[in-house]
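Step one of this worksheet: look at the structure below.
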Amino acid sequence: MRLRSTSSESSQPLSRRSALHEKPLRCSRFGPGTEGATYDRPVPSPDPAIPPRTILVIEDEPGIVDFLEQGLRAHGYQVVSAGDGDRGLELALGGAADLVVLDMMLPGRDGLEVLGELERGRPALPVIILTALGEVEQRVTGLDAGAVDYLTKPFSLQELAARIRAQLRVAEQAPSTTLRSAGLEINLLAREVRRDGELLRLTTTEFELLVYLLRHRGRVLSREQILRAVWGYEHDPGTNVVDVYIGYLRRKLGVPGHPVPITTVRSVGYRFDEP
Ligand code: CA
C-alpha cells in the first residue's frame, strides 16, 4: 500500500510517525488510486463557542461517505448523509443543512437534477460538487447549475474543509434571502411566497408590499410611507390604493381561521404583527 502525507513530516516512514504521535492518524485523502492511504496529524478541536454547522453529504460510495463523515466531524461539523439524490434533496429542502457536498453520479436523481431542484427550493444553500468527472465541461455545467465550488476525486480533506469554511463565510455575509413570519416564507431571490410550503401567486406590487410590511413588522406604517416605499412616488393623498392592495394580500395570504396578521391602525395605516 502506497502511503502519502500532506504534513511536513512526509519524508518520515509512517511507522515512525505513528510512534511519535500518540493519537491515531487520520486519512486525509480519498479517491481512486489512493486507496484512502494518506495521513496527517489530527486537526485541533473546534472552538466550543461557535455552534456546529451541518454539512449534508450526498454520495453513494460508502467508503467516501465514511471518510467524509469522520473527517468533517473531526473538523467540528455535524454531518448528515444521503446515499441517493432523492433522499439528499429531501434532507436539503427540509432545512437539514448549512452546506451540501454533492456527488454528481448518483442513483435516483443525479447531481445536476438535485442542483436544479435546490436552485428552485433553497437558492441560498451553498453546494460544493464532488465528482470523478474531471472534464472542464462537467464542472462548468455544475457551476452553471448553481454550485458554488467543485472538487474532483481524488480530493484532499484539508482542501475540502478549507473550501467549506470559505463558502460558509460567504453565506454568512450574504444578506438574508428569505423572510419568514406567520407561516409565510418569502424567497427574495426567486420572488416566491409560500404559506406552509404551498406556493401562492402574488402580483409584483403585492409582493413588494408584503416584503415591505414584513421587513418592518411590529411597526406602524403610515399610508404615505407605504406609498413611497412600494409605489415609489408621491400619490394623490386621497388615493386608497394602499387599502385596496392590503385587501388583496389579506385575501390571498389568509386561510379560514388563520388570517394574515396585518392590523389596521385607525387613521394612520397598517402594521404586520409579529406572531
Ligand atoms: Ca457516485
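Naming scheme: A, B, ... for chains in displayed order of the C-alpha cells; residues 1 onward per chain; ligands 1 onward as shown.
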Within 6 Å of ligand 1, counting only C-alpha atoms and all ligand atoms: which residues, as a PyMOL selection string? chain A and resi 59-61+103+105-106
As a PyMOL selection string, which residues of range 74-272 of chain A does DSSP assign to alpha helix (DSSP H)? chain A and resi 74+85-93+111-121+136-144+157-173+204-215+223-226+241-253
Could you name the residues that touch Gly218 in chain A at 6 Å or less, counting only C-alpha atoms, but leaving out those on the same chain fewer than 2 positions away, as a list in words? Phe272, Asp273 and Glu274 of chain A
Quick one: DSSP strand (DSSP E or B) residues in range 102-233 of chain A, as a ChimeraX atom specification? /A:102-103,127-131,149-152,155-156,178-181,184-187,192-195,198-200,221-222
Write the residues you've just listed into a file as a PDB file, in the first residue's frame, and include C-alpha atoms for each of them.
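Written output follows (out_12.pdb):
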ATOM      1  CA  LEU A 102     -22.799  16.728  -3.675  1.00  0.00           C
ATOM      2  CA  ASP A 103     -21.593  13.808  -5.782  1.00  0.00           C
ATOM      3  CA  VAL A 127     -23.340  23.405  -2.767  1.00  0.00           C
ATOM      4  CA  ILE A 128     -19.847  22.061  -3.417  1.00  0.00           C
ATOM      5  CA  ILE A 129     -19.713  19.443  -6.163  1.00  0.00           C
ATOM      6  CA  LEU A 130     -17.574  16.398  -5.544  1.00  0.00           C
ATOM      7  CA  THR A 131     -17.104  14.354  -8.617  1.00  0.00           C
ATOM      8  CA  ASP A 149     -17.405  25.320  -5.998  1.00  0.00           C
ATOM      9  CA  TYR A 150     -16.183  21.891  -7.027  1.00  0.00           C
ATOM     10  CA  LEU A 151     -13.542  19.311  -6.167  1.00  0.00           C
ATOM     11  CA  THR A 152     -12.556  16.361  -8.298  1.00  0.00           C
ATOM     12  CA  PHE A 155      -9.531  15.005  -3.210  1.00  0.00           C
ATOM     13  CA  SER A 156      -7.833  16.157  -0.048  1.00  0.00           C
ATOM     14  CA  THR A 178     -35.590  34.563   2.993  1.00  0.00           C
ATOM     15  CA  LEU A 179     -38.137  36.269   5.212  1.00  0.00           C
ATOM     16  CA  ARG A 180     -40.329  34.158   7.467  1.00  0.00           C
ATOM     17  CA  SER A 181     -43.299  35.100   9.612  1.00  0.00           C
ATOM     18  CA  LEU A 184     -45.245  32.618   5.386  1.00  0.00           C
ATOM     19  CA  GLU A 185     -41.884  32.156   3.715  1.00  0.00           C
ATOM     20  CA  ILE A 186     -40.771  34.749   1.211  1.00  0.00           C
ATOM     21  CA  ASN A 187     -37.863  33.884  -1.055  1.00  0.00           C
ATOM     22  CA  GLU A 192     -41.840  33.386  -4.306  1.00  0.00           C
ATOM     23  CA  VAL A 193     -44.201  33.311  -1.371  1.00  0.00           C
ATOM     24  CA  ARG A 194     -45.168  30.080   0.349  1.00  0.00           C
ATOM     25  CA  ARG A 195     -47.694  29.521   3.086  1.00  0.00           C
ATOM     26  CA  GLU A 198     -47.751  25.936  -0.607  1.00  0.00           C
ATOM     27  CA  LEU A 199     -46.801  28.359  -3.380  1.00  0.00           C
ATOM     28  CA  LEU A 200     -49.013  31.475  -3.556  1.00  0.00           C
ATOM     29  CA  LEU A 221     -46.542  52.236   8.882  1.00  0.00           C
ATOM     30  CA  SER A 222     -48.480  55.190   7.547  1.00  0.00           C
TER      31      SER A 222
END
Please provide as an MDAnalysis selection string all residues within 12 Å of Val268 in chain A, with the sequence filter that same-chain residues fewer than 3 positions apart are discarded (counting only C-alpha atoms). chainID A and resid 219:226 242:243 263:265 271
Please report, as a Markdown table, each residue of range 115-184 of chain A lying at most 12 Å from range 80-101 of chain A, together with the nearest pair of atoms and the separation in Å rounded to one decimal; use only C-alpha atoms, and order rows by chain and ascending residue number.
| residue | atom | partner | partner_atom | distance |
| --- | --- | --- | --- | --- |
| A:Leu115 | CA | A:Leu89 | CA | 8.7 |
| A:Gly116 | CA | A:Leu89 | CA | 10.2 |
| A:Glu117 | CA | A:Leu89 | CA | 7.6 |
| A:Leu118 | CA | A:Leu93 | CA | 7.1 |
| A:Glu119 | CA | A:Leu93 | CA | 10.3 |
| A:Arg120 | CA | A:Leu93 | CA | 9.9 |
| A:Gly121 | CA | A:Leu93 | CA | 6.5 |
| A:Arg122 | CA | A:Leu93 | CA | 6.6 |
| A:Pro123 | CA | A:Leu93 | CA | 10.1 |
| A:Ala124 | CA | A:Leu99 | CA | 9.6 |
| A:Leu125 | CA | A:Leu99 | CA | 6.0 |
| A:Pro126 | CA | A:Leu99 | CA | 5.1 |
| A:Val127 | CA | A:Val100 | CA | 4.7 |
| A:Ile128 | CA | A:Val101 | CA | 4.9 |
| A:Ile129 | CA | A:Val101 | CA | 5.9 |
| A:Leu130 | CA | A:Val101 | CA | 6.5 |
| A:Thr131 | CA | A:Val101 | CA | 9.9 |
| A:Gly146 | CA | A:Val100 | CA | 11.9 |
| A:Ala147 | CA | A:Val100 | CA | 9.4 |
| A:Val148 | CA | A:Val100 | CA | 10.2 |
| A:Asp149 | CA | A:Val101 | CA | 9.7 |
| A:Tyr150 | CA | A:Val101 | CA | 9.0 |
| A:Leu151 | CA | A:Val101 | CA | 9.6 |
| A:Thr152 | CA | A:Val101 | CA | 11.8 |
| A:Leu160 | CA | A:Val101 | CA | 9.2 |
| A:Ala161 | CA | A:Val101 | CA | 10.8 |
| A:Arg163 | CA | A:Val101 | CA | 10.6 |
| A:Ile164 | CA | A:Leu99 | CA | 7.7 |
| A:Arg165 | CA | A:Leu99 | CA | 10.0 |
| A:Ala166 | CA | A:Leu99 | CA | 11.1 |
| A:Gln167 | CA | A:Leu99 | CA | 8.1 |
| A:Leu168 | CA | A:Leu99 | CA | 7.3 |
| A:Arg169 | CA | A:Asp98 | CA | 11.1 |
| A:Val170 | CA | A:Leu99 | CA | 11.3 |
| A:Ala171 | CA | A:Asp98 | CA | 8.8 |
| A:Glu172 | CA | A:Asp98 | CA | 10.0 |
Take the residues just selected and output them with C-alpha atoms as a short mmCIF file (atom, residue, chain, number, x, y, z; two decimals), in the first residue's frame.
data_model
loop_
_atom_site.label_atom_id
_atom_site.label_comp_id
_atom_site.auth_asym_id
_atom_site.auth_seq_id
_atom_site.Cartn_x
_atom_site.Cartn_y
_atom_site.Cartn_z
CA LEU A 115 -28.79 21.14 -8.13
CA GLY A 116 -31.71 22.25 -10.26
CA GLU A 117 -34.23 21.48 -7.53
CA LEU A 118 -32.10 23.21 -4.89
CA GLU A 119 -31.81 26.31 -7.07
CA ARG A 120 -35.60 26.49 -7.05
CA GLY A 121 -36.21 25.46 -3.44
CA ARG A 122 -33.20 26.80 -1.47
CA PRO A 123 -31.19 29.04 -3.78
CA ALA A 124 -29.00 30.41 -0.98
CA LEU A 125 -27.79 26.99 0.18
CA PRO A 126 -24.13 26.59 -0.85
CA VAL A 127 -23.34 23.40 -2.77
CA ILE A 128 -19.85 22.06 -3.42
CA ILE A 129 -19.71 19.44 -6.16
CA LEU A 130 -17.57 16.40 -5.54
CA THR A 131 -17.10 14.35 -8.62
CA GLY A 146 -25.85 26.70 -9.19
CA ALA A 147 -22.92 25.01 -7.43
CA VAL A 148 -20.55 27.43 -5.71
CA ASP A 149 -17.40 25.32 -6.00
CA TYR A 150 -16.18 21.89 -7.03
CA LEU A 151 -13.54 19.31 -6.17
CA THR A 152 -12.56 16.36 -8.30
CA LEU A 160 -12.41 20.34 1.07
CA ALA A 161 -12.51 21.67 4.65
CA ARG A 163 -13.44 25.36 0.73
CA ILE A 164 -16.30 24.60 3.12
CA ARG A 165 -15.01 27.24 5.55
CA ALA A 166 -14.77 29.77 2.72
CA GLN A 167 -18.29 29.08 1.44
CA LEU A 168 -19.84 29.22 4.91
CA ARG A 169 -18.17 32.60 5.44
CA VAL A 170 -19.62 33.89 2.18
CA ALA A 171 -23.07 32.54 3.08
CA GLU A 172 -22.92 34.24 6.49
#
Kindly give the distance, in Å, that separates CA of Ala162 in chain A and CA of Asp110 in chain A, rounded to a single decimal. 25.4 Å
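Distance-wise, CA of Thr203 in chain A and CA of Asp144 in chain A end up 28.6 Å apart.
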